[in-house]
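Asker: The following file, run-v8.txt, comprises compact mmCIF, C-alpha atoms:
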```txt
# COMPACT_ATOMS: atom_id res chain seq x y z
CA MET A 294 242.40 147.16 -23.10
CA THR A 295 242.95 147.75 -19.40
CA LEU A 296 240.21 147.37 -16.83
CA ALA A 297 239.53 150.16 -14.36
CA PRO A 298 240.68 148.91 -10.95
CA ASP A 299 237.95 147.88 -8.51
CA PRO A 300 237.02 150.76 -6.25
CA THR A 301 238.61 150.42 -2.83
CA PRO A 302 236.28 149.35 -0.02
CA SER A 303 236.29 152.86 1.44
CA ALA A 304 235.50 154.44 -1.96
CA ARG A 305 232.66 151.93 -2.44
CA ARG A 306 231.37 152.71 1.04
CA GLN A 307 231.49 156.43 0.28
CA GLU A 308 229.55 155.88 -2.93
CA THR A 309 226.87 153.91 -1.07
CA ARG A 310 226.54 156.68 1.50
CA THR A 311 226.29 159.36 -1.19
CA ARG A 312 223.60 157.41 -3.06
CA LEU A 313 221.61 156.92 0.16
CA MET A 314 221.93 160.61 1.01
CA ASP A 315 220.87 161.75 -2.47
CA ALA A 316 217.86 159.40 -2.34
CA ALA A 317 216.99 160.72 1.14
CA VAL A 318 216.87 164.33 -0.13
CA GLU A 319 214.09 163.31 -2.54
CA VAL A 320 212.18 161.14 -0.08
CA PHE A 321 212.36 163.75 2.71
CA ALA A 322 211.03 166.42 0.34
CA GLU A 323 208.12 164.14 -0.65
CA ASP A 324 207.19 162.55 2.68
CA GLY A 325 208.68 164.84 5.32
CA LEU A 326 211.27 163.75 7.83
CA GLN A 327 208.85 161.92 10.12
CA GLY A 328 206.90 160.37 7.23
CA ALA A 329 209.96 159.13 5.32
CA ALA A 330 210.55 155.41 5.79
CA VAL A 331 214.07 153.97 5.86
CA GLU A 332 212.76 151.29 3.45
CA THR A 333 211.70 153.94 0.94
CA ILE A 334 215.06 155.72 1.12
CA SER A 335 216.99 152.44 0.75
CA ALA A 336 214.84 151.22 -2.16
CA ARG A 337 215.15 154.59 -3.96
CA ALA A 338 218.93 154.26 -3.74
CA GLY A 339 218.81 150.61 -4.85
CA PHE A 340 219.88 149.17 -1.51
CA THR A 341 218.42 147.11 1.32
CA ARG A 342 217.43 148.32 4.76
CA GLY A 343 220.51 146.47 6.05
CA ALA A 344 222.82 148.54 3.84
CA PHE A 345 221.17 151.68 5.23
CA TYR A 346 221.83 150.69 8.83
CA SER A 347 225.41 149.65 8.16
CA ASN A 348 226.00 153.24 7.00
CA PHE A 349 223.74 155.35 9.22
CA GLU A 350 222.49 154.90 12.76
CA SER A 351 219.09 156.40 12.00
CA LYS A 352 217.36 158.63 9.48
CA GLU A 353 217.85 161.51 11.91
CA GLN A 354 221.60 160.95 11.82
CA LEU A 355 221.50 160.84 8.02
CA PHE A 356 219.49 164.07 8.03
CA LEU A 357 222.05 165.79 10.24
CA GLU A 358 224.75 164.73 7.76
CA LEU A 359 222.67 166.09 4.88
CA LEU A 360 222.21 169.34 6.77
CA THR A 361 225.97 169.54 7.33
CA ARG A 362 226.60 169.01 3.60
CA GLU A 363 223.96 171.64 2.74
CA PHE A 364 225.32 174.21 5.21
CA GLU A 365 228.90 173.65 4.03
CA ARG A 366 227.63 174.30 0.51
CA ARG A 367 225.89 177.50 1.66
CA ALA A 368 228.96 178.75 3.54
CA ALA A 369 231.18 178.05 0.48
CA ASP A 370 228.64 179.78 -1.75
CA LEU A 371 228.58 182.90 0.49
CA ASP A 372 232.36 182.92 0.56
CA GLU A 373 232.55 182.83 -3.23
CA LYS A 374 229.96 185.59 -3.63
CA ALA A 375 231.85 187.68 -1.06
CA ARG A 376 235.06 187.38 -3.11
CA MET A 377 233.18 188.58 -6.18
CA LEU A 378 231.58 191.53 -4.36
CA GLU A 379 234.57 192.77 -2.41
CA PRO A 380 236.43 194.62 -5.23
CA THR A 381 233.29 196.63 -6.11
CA LEU A 382 232.60 197.39 -2.48
CA ARG A 383 236.17 198.54 -1.92
CA GLU A 384 235.84 200.97 -4.83
CA ARG A 385 232.50 202.26 -3.52
CA ALA A 386 233.52 202.26 0.18
CA GLY A 387 231.85 205.05 2.12
CA CYS A 388 229.40 205.92 -0.66
CA VAL A 389 227.12 202.86 -0.57
CA ASP A 390 223.59 204.03 0.26
CA PRO A 391 220.86 201.68 1.57
CA ALA A 392 219.29 201.18 -1.88
CA GLU A 393 222.61 200.12 -3.40
CA ALA A 394 223.36 197.98 -0.33
CA ALA A 395 219.99 196.27 -0.80
CA ASP A 396 221.02 195.26 -4.33
CA TYR A 397 224.25 193.75 -3.05
CA ILE A 398 222.42 191.96 -0.25
CA VAL A 399 219.93 190.44 -2.67
CA GLN A 400 222.87 189.15 -4.76
CA PHE A 401 224.61 187.94 -1.64
CA PHE A 402 221.73 186.24 0.14
CA THR A 403 219.37 185.10 -2.62
CA PRO A 404 218.68 181.53 -1.61
CA SER A 405 218.69 178.58 -3.94
CA GLN A 406 215.39 177.48 -5.49
CA ASP A 407 214.91 174.70 -2.99
CA ALA A 408 215.41 177.00 0.04
CA THR A 409 211.76 176.73 1.10
CA ALA A 410 211.83 172.93 0.99
CA TRP A 411 215.01 172.92 3.09
CA PHE A 412 213.50 175.43 5.49
CA VAL A 413 210.46 173.18 6.07
CA LEU A 414 212.72 170.13 6.63
CA GLU A 415 214.87 172.11 9.06
CA ALA A 416 211.76 173.22 10.94
CA GLU A 417 210.64 169.58 11.21
CA PHE A 418 214.06 168.45 12.40
CA LEU A 419 214.13 171.25 14.95
CA LEU A 420 210.72 170.16 16.20
CA LEU A 421 211.87 166.54 16.60
CA ALA A 422 215.00 167.76 18.38
CA MET A 423 212.96 169.97 20.73
CA ARG A 424 210.68 167.04 21.56
CA ASP A 425 213.61 164.71 22.10
CA PRO A 426 216.98 166.49 22.41
CA SER A 427 218.81 163.14 22.26
CA LEU A 428 217.78 162.83 18.59
CA ALA A 429 220.04 165.74 17.65
CA PRO A 430 222.83 165.90 20.18
CA GLY A 431 225.06 167.96 17.89
CA HIS A 432 222.41 170.27 16.45
CA HIS A 433 223.07 173.28 18.63
CA ASP A 434 226.87 173.19 18.23
CA PHE A 435 226.37 172.56 14.54
CA MET A 436 224.31 175.73 14.10
CA ASP A 437 226.78 177.72 16.21
CA ASN A 438 229.60 176.53 13.94
CA PHE A 439 227.65 177.54 10.87
CA TYR A 440 226.97 181.02 12.23
CA ALA A 441 230.64 181.37 13.20
CA SER A 442 231.72 180.40 9.68
CA ILE A 443 229.48 183.00 8.03
CA SER A 444 230.38 185.67 10.61
CA GLY A 445 233.86 185.92 9.13
CA VAL A 446 232.51 186.31 5.60
CA VAL A 447 229.95 188.97 6.55
CA GLU A 448 232.56 190.94 8.49
CA ARG A 449 234.93 190.82 5.53
CA VAL A 450 232.25 192.16 3.17
CA LEU A 451 231.39 194.95 5.61
CA GLN A 452 235.04 195.84 5.97
CA ALA A 453 235.34 196.10 2.19
CA ALA A 454 232.41 198.53 2.31
CA GLY A 455 234.18 200.53 5.04
CA ARG A 456 231.74 199.65 7.84
CA ARG A 457 231.83 197.62 11.08
CA PHE A 458 229.19 196.24 13.48
CA VAL A 459 228.29 198.26 16.59
CA ILE A 460 227.40 195.02 18.44
CA PRO A 461 229.51 191.83 18.59
CA VAL A 462 229.50 190.10 15.21
CA GLU A 463 228.25 186.74 16.52
CA ARG A 464 225.13 188.46 17.91
CA ALA A 465 224.66 190.56 14.79
CA ILE A 466 224.67 187.37 12.71
CA LEU A 467 221.91 185.86 14.87
CA VAL A 468 219.84 189.02 14.44
CA LEU A 469 220.27 188.97 10.66
CA SER A 470 219.51 185.22 10.57
CA GLY A 471 216.27 185.83 12.45
CA VAL A 472 215.11 188.27 9.76
CA TYR A 473 216.23 185.89 7.01
CA GLU A 474 214.31 183.01 8.61
CA HIS A 475 211.22 185.18 8.97
CA ALA A 476 211.26 185.81 5.21
CA LEU A 477 211.63 182.08 4.45
CA ARG A 478 208.82 181.28 6.87
CA THR A 479 206.56 183.86 5.24
CA ALA A 480 207.33 182.38 1.82
CA ALA A 481 206.70 178.84 3.08
CA LEU A 482 203.39 179.84 4.71
CA ALA A 483 202.28 181.59 1.54
CA GLY A 484 203.27 178.46 -0.41
CA THR A 485 205.26 180.66 -2.78
CA ASP A 486 208.71 180.60 -4.26
CA PRO A 487 211.00 182.57 -1.95
CA SER A 488 212.55 184.70 -4.72
CA GLY A 489 209.63 187.17 -4.61
CA ALA A 490 209.98 187.60 -0.86
CA PHE A 491 213.70 188.17 -1.27
CA THR A 492 213.59 191.56 -2.94
CA GLU A 493 211.80 192.86 0.15
CA LEU A 494 214.26 190.96 2.36
CA GLY A 495 217.14 192.80 0.68
CA ASP A 496 215.62 196.14 1.70
CA ARG A 497 215.01 194.95 5.23
CA LEU A 498 218.49 193.54 5.73
CA ALA A 499 220.05 196.69 4.25
CA GLU A 500 218.06 198.89 6.63
CA LEU A 501 219.06 196.70 9.56
CA LEU A 502 222.72 196.51 8.50
CA PHE A 503 222.92 200.31 8.42
CA ALA A 504 221.41 200.50 11.92
CA LEU A 505 223.77 197.82 13.27
CA THR A 506 226.97 199.16 11.68
CA GLU A 507 228.95 202.40 11.57
CA GLU A 508 231.61 203.81 9.26
CA GLU A 509 235.09 202.59 10.08
CA MET B 18 165.10 178.02 48.29
CA THR B 19 165.44 179.40 44.78
CA LEU B 20 167.09 177.52 41.99
CA ALA B 21 169.81 179.17 39.90
CA PRO B 22 168.36 179.85 36.47
CA ASP B 23 169.41 177.47 33.70
CA PRO B 24 172.35 178.88 31.78
CA THR B 25 171.28 180.30 28.42
CA PRO B 26 172.09 178.16 25.38
CA SER B 27 174.89 180.52 24.35
CA ALA B 28 176.42 180.52 27.87
CA ARG B 29 176.27 176.71 27.89
CA ARG B 30 177.85 176.58 24.46
CA GLN B 31 180.61 178.91 25.63
CA GLU B 32 181.25 176.71 28.66
CA THR B 33 181.51 173.60 26.44
CA ARG B 34 183.99 175.38 24.17
CA THR B 35 186.08 176.55 27.14
CA ARG B 36 186.18 173.05 28.64
CA LEU B 37 187.23 171.56 25.28
CA MET B 38 189.92 174.21 24.87
CA ASP B 39 191.28 173.68 28.39
CA ALA B 40 191.38 169.92 27.84
CA ALA B 41 193.12 170.46 24.49
CA VAL B 42 195.93 172.48 26.14
CA GLU B 43 196.75 169.42 28.27
CA VAL B 44 196.42 166.87 25.48
CA PHE B 45 198.47 168.95 23.01
CA ALA B 46 201.25 169.32 25.60
CA GLU B 47 201.26 165.55 26.16
CA ASP B 48 200.80 164.19 22.63
CA GLY B 49 201.78 167.08 20.35
CA LEU B 50 199.44 168.68 17.86
CA GLN B 51 199.65 165.93 15.27
CA GLY B 52 199.53 163.12 17.85
CA ALA B 53 196.56 164.51 19.78
CA ALA B 54 193.32 162.67 18.93
CA VAL B 55 190.00 164.52 18.89
CA GLU B 56 188.62 161.56 20.91
CA THR B 57 191.21 162.12 23.64
CA ILE B 58 190.48 165.85 23.84
CA SER B 59 186.71 165.27 23.94
CA ALA B 60 186.96 162.51 26.58
CA ARG B 61 189.27 164.63 28.76
CA ALA B 62 186.65 167.41 28.70
CA GLY B 63 183.84 164.89 29.39
CA PHE B 64 182.22 165.21 25.97
CA THR B 65 181.70 163.12 22.86
CA ARG B 66 183.45 163.48 19.54
CA GLY B 67 180.15 164.87 18.21
CA ALA B 68 180.21 167.69 20.77
CA PHE B 69 183.73 168.52 19.63
CA TYR B 70 182.74 168.82 15.99
CA SER B 71 179.64 170.87 16.74
CA ASN B 72 181.98 173.42 18.31
CA PHE B 73 185.15 173.26 16.22
CA GLU B 74 185.80 172.40 12.59
CA SER B 75 189.05 170.62 13.35
CA LYS B 76 191.73 170.39 16.01
CA GLU B 77 193.80 172.83 13.93
CA GLN B 78 190.97 175.38 14.17
CA LEU B 79 190.76 174.80 17.93
CA PHE B 80 194.52 175.26 18.16
CA LEU B 81 194.33 178.57 16.29
CA GLU B 82 191.68 179.72 18.80
CA LEU B 83 193.91 178.64 21.69
CA LEU B 84 196.79 180.51 20.16
CA THR B 85 194.60 183.60 19.83
CA ARG B 86 193.61 183.34 23.50
CA GLU B 87 197.26 182.84 24.52
CA PHE B 88 198.52 185.77 22.43
CA GLU B 89 195.77 188.06 23.74
CA ARG B 90 196.89 187.09 27.24
CA ARG B 91 200.51 187.85 26.36
CA ALA B 92 199.64 191.22 24.81
CA ALA B 93 197.56 192.16 27.89
CA ASP B 94 200.37 191.01 30.16
CA LEU B 95 202.94 193.14 28.29
CA ASP B 96 200.58 196.10 28.43
CA GLU B 97 200.20 195.77 32.20
CA LYS B 98 203.95 195.42 32.77
CA ALA B 99 204.50 198.48 30.57
CA ARG B 100 202.14 200.54 32.73
CA MET B 101 204.09 199.49 35.82
CA LEU B 102 207.48 200.30 34.25
CA GLU B 103 206.65 203.62 32.62
CA PRO B 104 206.76 205.88 35.73
CA THR B 105 210.26 204.61 36.67
CA LEU B 106 211.46 204.95 33.08
CA ARG B 107 210.12 208.52 32.88
CA GLU B 108 212.08 209.44 36.02
CA ARG B 109 215.24 207.80 34.68
CA ALA B 110 214.79 209.00 31.06
CA GLY B 111 218.10 209.70 29.37
CA CYS B 112 220.17 208.02 32.10
CA VAL B 113 219.25 204.37 31.50
CA ASP B 114 222.42 202.44 30.61
CA PRO B 115 222.38 199.02 28.89
CA ALA B 116 222.81 197.10 32.18
CA GLU B 117 219.81 198.84 33.76
CA ALA B 118 217.85 198.42 30.51
CA ALA B 119 218.63 194.69 30.59
CA ASP B 120 217.01 194.46 34.05
CA TYR B 121 213.87 196.18 32.79
CA ILE B 122 213.79 193.95 29.72
CA VAL B 123 214.06 190.81 31.81
CA GLN B 124 211.10 192.04 33.91
CA PHE B 125 209.23 192.98 30.77
CA PHE B 126 209.82 189.87 28.66
CA THR B 127 210.26 187.05 31.16
CA PRO B 128 208.01 184.37 29.73
CA SER B 129 205.57 182.30 31.68
CA GLN B 130 206.72 178.89 32.89
CA ASP B 131 205.01 177.08 30.05
CA ALA B 132 206.65 179.25 27.37
CA THR B 133 208.81 176.40 26.07
CA ALA B 134 205.82 174.06 25.75
CA TRP B 135 203.93 176.76 23.82
CA PHE B 136 206.94 177.42 21.64
CA VAL B 137 207.17 173.75 20.65
CA LEU B 138 203.42 173.65 19.85
CA GLU B 139 203.71 176.82 17.79
CA ALA B 140 206.63 175.31 15.90
CA GLU B 141 204.53 172.22 15.16
CA PHE B 142 201.56 174.30 14.03
CA LEU B 143 203.82 176.39 11.81
CA LEU B 144 205.21 173.21 10.27
CA LEU B 145 201.71 171.88 9.51
CA ALA B 146 200.77 175.27 8.07
CA MET B 147 203.90 175.34 5.87
CA ARG B 148 203.12 171.84 4.59
CA ASP B 149 199.49 172.71 3.94
CA PRO B 150 198.77 176.47 4.02
CA SER B 151 195.00 175.78 3.89
CA LEU B 152 195.21 174.39 7.46
CA ALA B 153 195.98 177.83 8.85
CA PRO B 154 194.47 180.38 6.50
CA GLY B 155 194.54 183.11 9.12
CA HIS B 156 197.91 182.35 10.69
CA HIS B 157 199.95 184.97 8.91
CA ASP B 158 197.45 187.83 9.48
CA PHE B 159 197.07 186.65 13.04
CA MET B 160 200.81 186.95 13.74
CA ASP B 161 200.91 190.34 12.01
CA ASN B 162 198.10 191.54 14.29
CA PHE B 163 199.93 190.31 17.36
CA TYR B 164 203.12 192.09 16.34
CA ALA B 165 201.13 195.27 15.63
CA SER B 166 199.53 195.10 19.08
CA ILE B 167 202.86 194.79 20.88
CA SER B 168 204.49 197.44 18.66
CA GLY B 169 202.40 200.12 20.35
CA VAL B 170 203.37 198.92 23.83
CA VAL B 171 207.09 198.69 23.05
CA GLU B 172 207.07 202.17 21.47
CA ARG B 173 205.32 203.60 24.55
CA VAL B 174 207.93 202.08 26.89
CA LEU B 175 210.76 203.42 24.73
CA GLN B 176 209.17 206.86 24.68
CA ALA B 177 208.98 206.82 28.48
CA ALA B 178 212.73 206.07 28.47
CA GLY B 179 213.30 209.00 26.09
CA ARG B 180 214.27 206.90 23.07
CA ARG B 181 212.85 206.06 19.62
CA PHE B 182 213.57 203.45 16.95
CA VAL B 183 215.86 204.35 14.04
CA ILE B 184 214.03 201.86 11.79
CA PRO B 185 210.24 201.52 11.38
CA VAL B 186 208.72 200.05 14.55
CA GLU B 187 206.99 197.13 12.80
CA ARG B 188 210.35 195.96 11.43
CA ALA B 189 212.12 196.54 14.75
CA ILE B 190 209.54 194.32 16.45
CA LEU B 191 210.22 191.49 13.99
CA VAL B 192 213.95 191.82 14.66
CA LEU B 193 213.43 191.69 18.43
CA SER B 194 211.01 188.75 18.06
CA GLY B 195 213.62 186.85 16.08
CA VAL B 196 216.10 187.16 18.96
CA TYR B 197 213.40 186.23 21.49
CA GLU B 198 212.48 183.12 19.46
CA HIS B 199 216.11 182.12 19.18
CA ALA B 200 216.38 182.13 23.00
CA LEU B 201 213.22 180.01 23.34
CA ARG B 202 214.50 177.60 20.71
CA THR B 203 217.83 177.26 22.49
CA ALA B 204 216.01 176.56 25.77
CA ALA B 205 213.74 174.01 24.07
CA LEU B 206 216.69 172.26 22.39
CA ALA B 207 218.57 172.11 25.68
CA GLY B 208 215.41 170.73 27.31
CA THR B 209 215.74 173.37 30.02
CA ASP B 210 213.45 175.81 31.71
CA PRO B 211 213.63 179.07 29.75
CA SER B 212 214.17 181.28 32.81
CA GLY B 213 217.93 180.57 32.82
CA ALA B 214 218.22 181.55 29.16
CA PHE B 215 216.32 184.75 29.86
CA THR B 216 218.93 186.61 31.86
CA GLU B 217 221.22 186.36 28.85
CA LEU B 218 218.32 187.32 26.59
CA GLY B 219 217.84 190.52 28.61
CA ASP B 220 221.44 191.53 27.87
CA ARG B 221 221.08 190.72 24.19
CA LEU B 222 217.83 192.58 23.74
CA ALA B 223 219.19 195.58 25.66
CA GLU B 224 222.29 195.69 23.43
CA LEU B 225 220.11 195.43 20.34
CA LEU B 226 217.60 198.04 21.58
CA PHE B 227 220.41 200.55 22.09
CA ALA B 228 221.69 199.89 18.56
CA LEU B 229 218.19 200.21 17.04
CA THR B 230 217.13 203.33 18.96
CA GLU B 231 218.37 206.87 19.51
CA GLU B 232 217.66 209.54 22.12
CA GLU B 233 214.59 211.57 21.36
```
Starting from the file, give its structure as structure tokens.
Answerer:
Amino acid sequence: MTLAPDPTPSARRQETRTRLMDAAVEVFAEDGLQGAAVETISARAGFTRGAFYSNFESKEQLFLELLTREFERRAADLDEKARMLEPTLRERAGCVDPAEAADYIVQFFTPSQDATAWFVLEAEFLLLAMRDPSLAPGHHDFMDNFYASISGVVERVLQAAGRRFVIPVERAILVLSGVYEHALRTAALAGTDPSGAFTELGDRLAELLFALTEEE
Amino acid sequence: MTLAPDPTPSARRQETRTRLMDAAVEVFAEDGLQGAAVETISARAGFTRGAFYSNFESKEQLFLELLTREFERRAADLDEKARMLEPTLRERAGCVDPAEAADYIVQFFTPSQDATAWFVLEAEFLLLAMRDPSLAPGHHDFMDNFYASISGVVERVLQAAGRRFVIPVERAILVLSGVYEHALRTAALAGTDPSGAFTELGDRLAELLFALTEEE
């Protein structure tokens, strides 16, 4: 019988960080970002407050790392959905009407079940950052990077459908994001699951995409 | 010498409410919505906590009334600016290019100096409402009414310029609002006065307005 080798210090450190981050997702959802105590997060992960602070400067820094992980997941998810949609769109190029486009958009943009919870946490983080910009020094660049990464995917899908934006893509993405956020906000205010709001969002985004694009 | 008549009970009540609301604007800006104590607001206005609660159910209800007052002011302000712009636009109808449109838009949409402070308070209120929708039962209808009231003004200005939306006006307004909010958020995150961000916003809104409208 051979024993598994001890994890290396850096692997052990990574595991501690991952456990703290996973625990923080739960505690943030329960208590909010401002209400969540570092003690609660550490205890949930089975660590001390000291272990927390040897891995993260603050809960805001941990949150920004969580947000990065979440947005990387979303960008990868969009990319994968785009690859699945592109062949169909290429076949149908030039004959996609708004109703059909709305179906594709719903498939493409349907958020995960916990999208409302994330949206509320993001709103809280944004509020903290607006009150004290030093809390989130990288937030603005971070969002710009995210939008840049999805710009490429959205352009590729449009190209497959034989269309292109009539305004610069980076601005078009901000416009579409504004409509997407409005739908999440409406769902969060109504206290409902966002999936209901997202059928309507598909129609809205399709309508907007047709206005903001032209045939290539 | 004649004495001024005593104010009627309802006039006195209105004055108390106005003083409490004016004091609340200051206290909210200083302490945030969640941090502001009813005691502080009452004391600032020269009243007791009891006087506060005989006029308002809660500070959230007072905030919603402040927001109503502020949005009515904004809608009236937009309406007045529209009346001033319309004659020029009618003369120039059909020959307004995006650069000239951007100038008009900056005149039309330049926010008041305290726009960033209001934006942060609105973000906080929205967050409270998302956490507990019962805190702001009327918030969603209220925003819908505001958007409806500015829809008419924006359509009138476009008509004077000889253009009309290619998507339904109520949706176009949400799209434009999303871009407007993004500029305020960027200003708030940068901790800067929004006026700098607003020259760029003029260009963006002009670009978007041309994409979302056509000549009549």
Asker: Show me a table, sorted first by chain and then by increasing residue number, of the residues of chain A having an atom at most 10 Å from chain B, each with its shortest atom pair and the distance in Å to one decimal, counting all atoms listed in the file and written as JSON lines.
Answerer:
```
{"residue": "A:Gly325", "atom": "CA", "partner": "B:Arg148", "partner_atom": "CA", "distance": 9.0}
{"residue": "A:Thr409", "atom": "CA", "partner": "B:Met147", "partner_atom": "CA", "distance": 9.3}
{"residue": "A:Ala410", "atom": "CA", "partner": "B:Arg148", "partner_atom": "CA", "distance": 9.5}
{"residue": "A:Phe412", "atom": "CA", "partner": "B:Met147", "partner_atom": "CA", "distance": 9.6}
{"residue": "A:Val413", "atom": "CA", "partner": "B:Leu144", "partner_atom": "CA", "distance": 6.7}
{"residue": "A:Leu414", "atom": "CA", "partner": "B:Leu144", "partner_atom": "CA", "distance": 8.9}
{"residue": "A:Glu415", "atom": "CA", "partner": "B:Leu144", "partner_atom": "CA", "distance": 9.8}
{"residue": "A:Ala416", "atom": "CA", "partner": "B:Leu144", "partner_atom": "CA", "distance": 6.6}
{"residue": "A:Glu417", "atom": "CA", "partner": "B:Leu144", "partner_atom": "CA", "distance": 6.6}
{"residue": "A:Leu419", "atom": "CA", "partner": "B:Leu206", "partner_atom": "CA", "distance": 7.9}
{"residue": "A:Leu420", "atom": "CA", "partner": "B:Ala140", "partner_atom": "CA", "distance": 6.6}
{"residue": "A:Leu421", "atom": "CA", "partner": "B:Glu141", "partner_atom": "CA", "distance": 9.4}
{"residue": "A:Ala422", "atom": "CA", "partner": "B:Leu206", "partner_atom": "CA", "distance": 6.3}
{"residue": "A:Met423", "atom": "CA", "partner": "B:Leu206", "partner_atom": "CA", "distance": 4.7}
{"residue": "A:Arg424", "atom": "CA", "partner": "B:Val137", "partner_atom": "CA", "distance": 7.6}
{"residue": "A:Asp425", "atom": "CA", "partner": "B:Leu206", "partner_atom": "CA", "distance": 8.2}
{"residue": "A:Pro426", "atom": "CA", "partner": "B:Leu206", "partner_atom": "CA", "distance": 5.8}
{"residue": "A:Ser427", "atom": "CA", "partner": "B:Leu206", "partner_atom": "CA", "distance": 9.4}
{"residue": "A:Ala429", "atom": "CA", "partner": "B:Leu206", "partner_atom": "CA", "distance": 8.7}
{"residue": "A:Pro430", "atom": "CA", "partner": "B:Leu206", "partner_atom": "CA", "distance": 9.1}
{"residue": "A:His432", "atom": "CA", "partner": "B:Leu206", "partner_atom": "CA", "distance": 8.5}
{"residue": "A:His433", "atom": "CA", "partner": "B:Leu206", "partner_atom": "CA", "distance": 7.5}
{"residue": "A:Phe458", "atom": "CA", "partner": "B:Ala228", "partner_atom": "CA", "distance": 9.8}
{"residue": "A:Val459", "atom": "CA", "partner": "B:Ala228", "partner_atom": "CA", "distance": 7.1}
{"residue": "A:Ile460", "atom": "CA", "partner": "B:Glu224", "partner_atom": "CA", "distance": 7.2}
{"residue": "A:Pro461", "atom": "CA", "partner": "B:Glu224", "partner_atom": "CA", "distance": 9.5}
{"residue": "A:Arg464", "atom": "CA", "partner": "B:Arg221", "partner_atom": "CA", "distance": 7.8}
{"residue": "A:Ala465", "atom": "CA", "partner": "B:Leu225", "partner_atom": "CA", "distance": 8.7}
{"residue": "A:Leu467", "atom": "CA", "partner": "B:Val196", "partner_atom": "CA", "distance": 7.2}
{"residue": "A:Val468", "atom": "CA", "partner": "B:Val196", "partner_atom": "CA", "distance": 6.2}
{"residue": "A:Leu469", "atom": "CA", "partner": "B:Val192", "partner_atom": "CA", "distance": 8.0}
{"residue": "A:Ser470", "atom": "CA", "partner": "B:Gly195", "partner_atom": "CA", "distance": 8.2}
{"residue": "A:Gly471", "atom": "CA", "partner": "B:Gly195", "partner_atom": "CA", "distance": 4.6}
{"residue": "A:Val472", "atom": "CA", "partner": "B:Val192", "partner_atom": "CA", "distance": 6.2}
{"residue": "A:Tyr473", "atom": "CA", "partner": "B:Gly195", "partner_atom": "CA", "distance": 9.5}
{"residue": "A:Glu474", "atom": "CA", "partner": "B:Gly195", "partner_atom": "CA", "distance": 8.4}
{"residue": "A:His475", "atom": "CA", "partner": "B:Gly195", "partner_atom": "CA", "distance": 7.7}
{"residue": "A:Arg478", "atom": "CA", "partner": "B:Met147", "partner_atom": "CA", "distance": 7.8}
{"residue": "A:Thr479", "atom": "CA", "partner": "B:His157", "partner_atom": "CA", "distance": 7.6}
{"residue": "A:Ala480", "atom": "CA", "partner": "B:Met147", "partner_atom": "CA", "distance": 8.8}
{"residue": "A:Ala481", "atom": "CA", "partner": "B:Met147", "partner_atom": "CA", "distance": 5.3}
{"residue": "A:Leu482", "atom": "CA", "partner": "B:Met147", "partner_atom": "CA", "distance": 4.7}
{"residue": "A:Ala483", "atom": "CA", "partner": "B:Pro150", "partner_atom": "CA", "distance": 6.7}
{"residue": "A:Gly484", "atom": "CA", "partner": "B:Pro150", "partner_atom": "CA", "distance": 6.6}
{"residue": "A:Arg497", "atom": "CA", "partner": "B:Arg188", "partner_atom": "CA", "distance": 7.8}
{"residue": "A:Glu500", "atom": "CA", "partner": "B:Ile184", "partner_atom": "CA", "distance": 7.2}
{"residue": "A:Leu501", "atom": "CA", "partner": "B:Ile184", "partner_atom": "CA", "distance": 7.5}
{"residue": "A:Phe503", "atom": "CA", "partner": "B:Ile184", "partner_atom": "CA", "distance": 9.6}
{"residue": "A:Ala504", "atom": "CA", "partner": "B:Leu229", "partner_atom": "CA", "distance": 6.1}
{"residue": "A:Leu505", "atom": "CA", "partner": "B:Ala228", "partner_atom": "CA", "distance": 6.0}
{"residue": "A:Thr506", "atom": "CA", "partner": "B:Ala228", "partner_atom": "CA", "distance": 8.7}
```
Asker: List every residue of stretch 454-492 of chain A that has an atom at most 8 Å from any atom of stretch 380-398 of chain A, and for each one report the closest atom pair and its distance in Å to one decimal, counting all atoms listed in the file, with rows sorted by chain and then by increasing residue number, as JSON lines.
Answerer:
```
{"residue": "A:Ala454", "atom": "CA", "partner": "A:Ala386", "partner_atom": "CA", "distance": 4.4}
{"residue": "A:Gly455", "atom": "CA", "partner": "A:Ala386", "partner_atom": "CA", "distance": 5.2}
{"residue": "A:Arg456", "atom": "CA", "partner": "A:Gly387", "partner_atom": "CA", "distance": 7.9}
```
Asker: Can you list, as a list in words, every protein, DNA or RNA residue that comes within 12 Å of B:Ser75 when you count all atoms listed in the file, leaving out same-chain residues fewer than 5 positions away?
Answerer: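 Residues near the query, excluding close chain neighbours: Ala41, Leu50, Gln51, Ala53, Ala54, Val55, Glu56, Ile58, Arg66, Gly67, Ala68, Phe69, Tyr70, Phe80, Leu81, Glu82, Leu152 and Ala153 of chain B.
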Asker: Please determine an axis-aligned box that encloses all atoms of stretch 184-190 of chain B listed in the file, with 8 Å added on each side, and express its centre and edge lengths in Å to one decimal as lines of an AutoDock Vina configuration file.
Answerer:
```
center_x = 210.5
center_y = 198.1
center_z = 13.9
size_x = 23.0
size_y = 23.5
size_z = 21.1
```
Asker: Would you work out the distance separating atom CA of A:Ala316 from atom CA of A:Phe491, expressed in Å to one decimal?
Answerer: 29.1 Å
Asker: For atom CA of A:Glu350 and atom CA of A:Phe418, determine how far apart the two atoms are, in Å to one decimal place.
Answerer: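 Separation between atom CA of A:Glu350 and atom CA of A:Phe418: 16.0 Å.
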Asker: Can you pull out the residues contacting A:Arg310? Cut-off 8 Å, using all atoms listed in the file, and skip same-chain residues under 4 positions away; I want them as a PyMOL selection string.
Answerer: chain A and resi 306+314+348
Asker: In Å, with one decimal, what is the gap from atom CA of A:Ala369 to atom CA of A:Asp407?
Answerer: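 That distance, rounded to one decimal, is 17.0 Å.
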